[in-house]
Structure formats: C-alpha cells, structure tokens
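Presented below is the structure to which this report refers.
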Amino acid sequence: MLAMSDINCIKHLRNNKGLSISEIQRTMGINWRTAKKYADEDQLPKQKSFKKKGMMYEEKWGEIVSDWLFEDLKLRKKLRRTKKQIFEELKEMGFQGSYRTVCYFISEWMNTHQEEKDKGYERLEHPPGEAQVDFGVMEAVQDGEIVDIHALVMTFPHSNAGFAVPLPAENQECFLHGLNILFKQVGGVPKRIRIDNLTPAVKKKRTKNEEAQLTDEFVQFQNYYGFDVQVCNPRSGHEKGNVENKVGYIRYNFFTSAPIMDSYEGLTDQLFHKLEADRNRIHYAKNVRIEDLWQEERDYLLALPEKPYPVFKEHLVKVNKYNEVKVDQTLVFLASRNCMKWQLKMHTYTCQIPWLTLRD
C-alpha cells in the first residue's frame with residue numbers, strides 16, 4: 001500500500017498536470033494497475049473490522065457460554081454459575097481449551113454487557129425490564145353498593161405493557177400481596193421498580209442531602225426477589241409518568257361504569273384479561289404492537305423464586321370470655337382455645353388475603 005504522500009502526488013499528476021496512467025506509471029515507478037487505482041478511484045476511509053480469533057470466537061463455545069451468561073443474569077447471584085462450573089460443563093461437552101481461556105471470555109463478555117448503575121436516580125430513559133408502580137383509586141359495585149377499589153398498577157415503560165391488581169386498601173399487607181400477584185401475572189420480577197413515596201415502602205422521604213429510607217418489611221421483600229428500587233423525588237411526577245398515565249388509562253377505559261365485583265380474585269382475573277387483550281394495540285411511538293414489544297422485554301426479567309414471599313400481619317391479642325379477639329377494631333371468633341397459636345383466613349380483613357398469626 002502506498003504512503004499518503006505518494007497517493008497525493010499521483011492525484012496531483014492526474015488531475016492538475018493531466019498525465020496519462022502510463023506516464024504516471026513511468027514517473028512514479030509503480031505498477032500500471034496501482035497507478036490507475038490511485039489516479040482515478042476515490043480513496044474513501046473504511047472502518048477497520050477486527051475479527052476476534054480463538055476457539056471461543058471461531059467455534060461454538062463462545063455462543064454457548066454467552067447463552068448461559070444471559071440466562072444467569074435473570075437469577076440472583078448466588079444461583080448463577082461460577083466460572084469453574086461453566087468450565088466443567090464445557091469439558092463435559094468436549095471443550096479442549098483451558099480454564100484461563102474461558103475466564104478471559106467471560107470477563108470480556110461481562111464488561112460489554114454490564115449495565116451502568118443508576119447512582120443518582122435521575123435518568124428517565126427506560127431500559128427493558130424496568131417497571132413503575134403506583135396506586136389508583138377506582139370504583140366497583142359490591143353487594144349493591146359502590147365501593148372504592150385501590151388498584152395497584154405496574155407498567156413497563158420500554159414496551160408500555162401494563163398490569164393491575166385491585167385491592168381493598170393501600171396498607172403494607174395489600175401492597176406486598178399485590179406485588180406478589182403482579183409478579184405472577186408478569187411471569188418474572190422486574191430488575192428495577194420505580195416508586196414514589198408510598199407509605200408501605202418508604203418510611204423517610206428523599207431529600208437533597210439524604211436518600212429515601214425504605215421500611216424494613218419492604219427491604220426484606222426486595223431482598224427476597226432481588227430487584228432494585230428507585231424512589232422518585234418529592235413532587236416529581238414526571239419521574240414515573242408512565243404508570244400515572246396507565247392508572248388514568250385503566251380508570252377511563254375499564255372503570256368508566258363501575259364493574260360488578262363478586263370478589264377481589266374475580267375482579268383481578270377480569271382486569272388481567274382486559275389488559276392482556278389491550279396489548280394488541282400499536283405502541284404510541286414505536287409503531288409496533290405492545291404485545292410484541294412485551295414478549296421481547298420478558299427476556300430481561302429476573303426469575304421468580306419457587307415460592308412467593310409470605311405476606312401476613314402478626315398481632316399479640318387477648319382472648320375474651322366469648323372466644324373473641326379484636327383485630328383492627330374487628331371482633332374475630334376463635335373456634336378453639338386449646339392451642340397457643342391460631343391461623344385464620346380473614347375474608348373480611350383489610351387485604352382479604354393474609355393469614356393472621358394470633359397468639360394468646
């Protein structure tokens with residue numbers, strides 16, 4: 001390949017001096033084809049492509065390890081394969097390389113696939129697998145009367161998929177139980193959940209000088225499922241605008257006329273199927289069906305644990321002479337006093353769901 005000074009000289013002889021290709025060939029002492037190439041063809045810069053070499057890139061092994069690593073990103077760290085385990089599994093498949101070769105490939109893969117940590121909680125872009133959660137009050141008809149329904153709504157801004165579960169209150173038991181149901185509907189756990197200063201989750205709001213403090217119960221719930229939490233700034237509704245829009249969308253499209261509710265479970269199923277059908281519409285900005293975007297986004301969710309997080313409320317109570325105890329200003333009859341511990345499913349209790357542990 002000629003030096004740039006020689007190429008410039010050839011261009012000058014051809015364009016400014018009017019020399020023929022043969023005259024340039026004799027003057028520069030180069031091959032005729034070379035003179036023709038640099039005299040008459042445009043020399044545009046080309047991006048260099050570096051093809052990686054080695055058995056991890058030229059054979060199937062790199063693709064196999066990449067698939068394993070991507071699958072493991074959905075799991076909590078203690079459940080992921082170690083480098084040693086990956087190496088041993090490759091050997092069983094006939095891999096002839098060294099442990100160090102595998103380690104180098106894994107380190108390089110992790111460096112190119114590691115997501116940047118959100119330290120300031122200020123970014124508003126929406127990567128796949130990130131959710132927003134908020135409550136919205138709506139109305140339903142139960143036993144012939146209008147009742148308030150507290151719908152816990154979860155949205156995924158990347159695909160604009162939405163899920164909702166109706167609850168009787170916005171206390172901690174309802175909030176955690178609602179998240180359990182939403183995780184089951186979604187089929188996984190979001191990598192990050194953005195919330196505002198919900199009382200069941202936040203005990204101290206975020207300030208300019210101090211981060212928000214989460215309740216101990218919510219932190220325990222968060223640790224069990226392995227998701228990150230992003231708490232919005234006070235009076236900054238735009239930071240979770242997607243879920244606020246979805247709350248309004250659900251209210252004005254599915255609760256315009258108050259639905260008849262036999263039970264919270266039944267209304268939950270109705271709402272799930274309506275929102276599932278609603279995902280067949282086109283995304284407002286991406287010109288693709290929301291359902292298609294959602295199916296792609298599901299691959300970025302964390303795996304669900306084998307068992308859901310147990311949600312209950314514990315009370316220390318005193319049994320009166322009528323075998324009754326008072327829980328949240330409600331008298332509950334106990335069928336037996338022969339044991340120190342009872343468990344009773346409260347269909348009329350706050351969340352209609354948790355098993356209450358009652359002690360003498």
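All residue names refer to the structure tokens as shown: chains lettered A, B, ... in order, residues numbered from 1 in each chain, ligands numbered from 1 in order.
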
If you take only C-alpha atoms and a cut-off of 10 Å, which residues of stretch 194-257 of chain A touch stretch 149-154 of chain A, and what are their nearest atom pairs and distances in Å to one decimal, in chain and number order, as a Markdown table?
```
| residue | atom | partner | partner_atom | distance |
| --- | --- | --- | --- | --- |
| A:Arg194 | CA | A:Met154 | CA | 9.7 |
| A:Ile195 | CA | A:Met154 | CA | 9.9 |
| A:Asn242 | CA | A:Met154 | CA | 9.5 |
| A:Val243 | CA | A:Met154 | CA | 6.6 |
| A:Glu244 | CA | A:Val153 | CA | 8.8 |
| A:Lys246 | CA | A:Val153 | CA | 7.6 |
| A:Val247 | CA | A:Val153 | CA | 6.6 |
| A:Ile250 | CA | A:Val153 | CA | 9.0 |
| A:Arg251 | CA | A:Ala151 | CA | 9.4 |
```

Go ahead and write the selection's residues with all heavy atoms as an mmCIF file, in the first residue's frame.
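File produced: again_9.cif:
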```cif
data_model
loop_
_atom_site.group_PDB
_atom_site.id
_atom_site.type_symbol
_atom_site.label_atom_id
_atom_site.label_comp_id
_atom_site.auth_asym_id
_atom_site.auth_seq_id
_atom_site.Cartn_x
_atom_site.Cartn_y
_atom_site.Cartn_z
ATOM 1 N N ARG A 194 -39.539 1.495 40.027
ATOM 2 C CA ARG A 194 -39.554 2.918 40.401
ATOM 3 C C ARG A 194 -40.869 3.204 41.118
ATOM 4 O O ARG A 194 -41.946 2.893 40.601
ATOM 5 C CB ARG A 194 -39.417 3.789 39.159
ATOM 6 C CG ARG A 194 -39.279 5.286 39.461
ATOM 7 C CD ARG A 194 -39.287 6.083 38.166
ATOM 8 N NE ARG A 194 -38.113 5.842 37.362
ATOM 9 C CZ ARG A 194 -36.980 6.545 37.440
ATOM 10 N NH1 ARG A 194 -36.887 7.530 38.311
ATOM 11 N NH2 ARG A 194 -35.962 6.270 36.654
ATOM 12 N N ILE A 195 -40.790 3.799 42.304
ATOM 13 C CA ILE A 195 -41.971 4.109 43.091
ATOM 14 C C ILE A 195 -41.879 5.561 43.566
ATOM 15 O O ILE A 195 -40.810 6.161 43.556
ATOM 16 C CB ILE A 195 -42.105 3.187 44.318
ATOM 17 C CG1 ILE A 195 -40.891 3.347 45.251
ATOM 18 C CG2 ILE A 195 -42.275 1.739 43.903
ATOM 19 C CD1 ILE A 195 -40.992 2.578 46.554
ATOM 20 N N ASN A 242 -45.128 7.226 33.267
ATOM 21 C CA ASN A 242 -45.731 6.128 32.524
ATOM 22 C C ASN A 242 -46.810 5.434 33.341
ATOM 23 O O ASN A 242 -47.896 5.152 32.850
ATOM 24 C CB ASN A 242 -44.649 5.130 32.112
ATOM 25 C CG ASN A 242 -45.183 4.040 31.202
ATOM 26 O OD1 ASN A 242 -45.545 2.967 31.646
ATOM 27 N ND2 ASN A 242 -45.234 4.323 29.906
ATOM 28 N N VAL A 243 -46.516 5.152 34.614
ATOM 29 C CA VAL A 243 -47.511 4.453 35.434
ATOM 30 C C VAL A 243 -48.675 5.378 35.782
ATOM 31 O O VAL A 243 -49.827 4.926 35.873
ATOM 32 C CB VAL A 243 -46.856 3.872 36.710
ATOM 33 C CG1 VAL A 243 -46.436 4.968 37.687
ATOM 34 C CG2 VAL A 243 -47.807 2.905 37.397
ATOM 35 N N GLU A 244 -48.421 6.677 35.950
ATOM 36 C CA GLU A 244 -49.521 7.592 36.231
ATOM 37 C C GLU A 244 -50.466 7.679 35.022
ATOM 38 O O GLU A 244 -51.687 7.737 35.186
ATOM 39 C CB GLU A 244 -48.976 8.974 36.588
ATOM 40 C CG GLU A 244 -48.257 9.006 37.942
ATOM 41 C CD GLU A 244 -47.973 10.412 38.417
ATOM 42 O OE1 GLU A 244 -48.140 11.353 37.623
ATOM 43 O OE2 GLU A 244 -47.590 10.570 39.589
ATOM 44 N N LYS A 246 -50.888 5.259 32.921
ATOM 45 C CA LYS A 246 -51.564 3.964 32.839
ATOM 46 C C LYS A 246 -52.699 3.872 33.857
ATOM 47 O O LYS A 246 -53.750 3.267 33.578
ATOM 48 C CB LYS A 246 -50.571 2.839 33.068
ATOM 49 C CG LYS A 246 -51.133 1.449 32.784
ATOM 50 C CD LYS A 246 -51.406 1.223 31.308
ATOM 51 C CE LYS A 246 -50.106 1.080 30.536
ATOM 52 N NZ LYS A 246 -50.345 0.752 29.114
ATOM 53 N N VAL A 247 -52.512 4.450 35.039
ATOM 54 C CA VAL A 247 -53.593 4.480 36.036
ATOM 55 C C VAL A 247 -54.814 5.190 35.457
ATOM 56 O O VAL A 247 -55.949 4.710 35.559
ATOM 57 C CB VAL A 247 -53.121 5.166 37.340
ATOM 58 C CG1 VAL A 247 -54.321 5.450 38.247
ATOM 59 C CG2 VAL A 247 -52.107 4.304 38.074
ATOM 60 N N ILE A 250 -56.464 3.015 32.670
ATOM 61 C CA ILE A 250 -57.276 1.924 33.212
ATOM 62 C C ILE A 250 -58.584 2.466 33.782
ATOM 63 O O ILE A 250 -59.662 1.897 33.566
ATOM 64 C CB ILE A 250 -56.485 1.168 34.297
ATOM 65 C CG1 ILE A 250 -55.308 0.407 33.655
ATOM 66 C CG2 ILE A 250 -57.385 0.200 35.061
ATOM 67 C CD1 ILE A 250 -54.370 -0.234 34.660
ATOM 68 N N ARG A 251 -58.505 3.581 34.498
ATOM 69 C CA ARG A 251 -59.710 4.162 35.106
ATOM 70 C C ARG A 251 -60.731 4.553 34.040
ATOM 71 O O ARG A 251 -61.931 4.269 34.169
ATOM 72 C CB ARG A 251 -59.328 5.381 35.940
ATOM 73 C CG ARG A 251 -60.531 6.047 36.615
ATOM 74 C CD ARG A 251 -60.126 7.292 37.380
ATOM 75 N NE ARG A 251 -59.283 6.974 38.531
ATOM 76 C CZ ARG A 251 -58.023 7.372 38.683
ATOM 77 N NH1 ARG A 251 -57.442 8.107 37.718
ATOM 78 N NH2 ARG A 251 -57.330 7.054 39.745
#
```

Q.
Using DSSP assignments from the backbone, pull out every residue in stretch 77-303 of chain A that falls under strand (DSSP E or B) and give it to me as a PyMOL selection string.
A. chain A and resi 130-142+145-156+161-167+189+192-195+202-204+213-214+228-231+260+282+289+302

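Within the 9 Å cut-off around stretch 62-66 of chain A, using only C-alpha atoms and omitting residues fewer than 2 positions from it on the same chain, the listed residues are Met55, Met56, Tyr57, Glu58, Glu59, Lys60, Trp68, Leu69, Phe70, Glu71, Ile86, Leu90, Val102, Phe105, Ile106 and Trp109 of chain A.
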
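With only C-alpha atoms as the atoms that count, the residue of A:Ser263, A:Gln25, A:Lys11, A:Gly18 with the shortest distance to A:Tyr38 is A:Lys11.
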
Q) Skipping near chain neighbours, those fewer than 2 positions away, what residues fall within 12 Å of A:Phe175 using only C-alpha atoms, listed as a PyMOL selection string? A) chain A and resi 133-135+150-154+164-173+177-182+195+198-202+217-218+221+311-312+350-351+353-354

(Q) Taking 4 positions as the minimum chain separation for residues in the same chain, which residues sit within 12 Å of A:Glu88 when counting only C-alpha atoms? Answer as JSON, numbers by chain. (A) {"A": [65, 81, 82, 83, 84, 92, 93, 94, 95, 96, 97, 98, 99, 102]}

Generate the output file for the selected residues, C-alpha atoms, as a JSON list (two decimals), in the first residue's frame.
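The file below, again-v1.json, is the result:
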```
[["chain", "number", "residue", "atom", "x", "y", "z"],
["A", 65, "VAL", "CA", -21.23, -19.53, 27.13],
["A", 81, "ARG", "CA", -22.95, -20.47, 37.52],
["A", 82, "THR", "CA", -19.40, -19.79, 38.59],
["A", 83, "LYS", "CA", -16.56, -19.66, 36.06],
["A", 84, "LYS", "CA", -15.41, -23.02, 37.34],
["A", 92, "GLU", "CA", -18.33, -32.47, 29.53],
["A", 93, "MET", "CA", -19.41, -31.24, 26.07],
["A", 94, "GLY", "CA", -15.95, -31.86, 24.62],
["A", 95, "PHE", "CA", -14.27, -28.49, 25.15],
["A", 96, "GLN", "CA", -10.48, -28.79, 24.75],
["A", 97, "GLY", "CA", -9.45, -25.31, 25.85],
["A", 98, "SER", "CA", -8.04, -24.14, 29.17],
["A", 99, "TYR", "CA", -9.79, -22.69, 32.21],
["A", 102, "VAL", "CA", -12.92, -19.44, 29.49]]
```

Interface rows for stretch 117-217 of chain A against stretch 222-230 of chain A: nearest pair, Å to one decimal, 6 Å, only C-alpha atoms, as CSV:
```
residue,atom,partner,partner_atom,distance
A:Lys191,CA,A:Phe227,CA,4.9
A:Arg192,CA,A:Asp228,CA,4.5
A:Ile193,CA,A:Val229,CA,5.1
A:Arg194,CA,A:Gln230,CA,4.6
```

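One finds atom CA of A:Pro157 at 6.0 Å from atom CA of A:His126.
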
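For the residues A:Glu145, A:Ala39, A:Met138, A:Thr101, ranking by smallest atom-to-atom distance to A:Asn15 using only C-alpha atoms places A:Ala39 first.
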
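Going from atom CA of A:Lys74 to atom CA of A:Tyr309 covers 18.0 Å.
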
Q. Expressed in Å to a single decimal, how great is the separation between atom CA of A:Phe333 and atom CA of A:Lys318?
A. 12.0 Å

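Look at A:Asn160: the protein and nucleic acid residues within 10 Å of it, using only C-alpha atoms and passing over chain neighbours fewer than 4 places away, are Ala131, Thr155, Phe156, Asn242, Val243, Lys246, Arg279, His283, Tyr284, Arg289, Ile290, Glu291, Leu293 and Trp294 of chain A.
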
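If you measure from each of A:Lys274, A:Lys240, A:Lys205, A:Lys184 to A:Glu306 using only C-alpha atoms, the closest one turns out to be A:Lys184.
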
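Counting only C-alpha atoms, A:Leu302 has the following residues at most 7 Å away, ignoring those fewer than 2 positions along the same chain: Lys74, Leu75, Gly188, Val189, Pro190, Lys191, Tyr300 and Leu304 of chain A.
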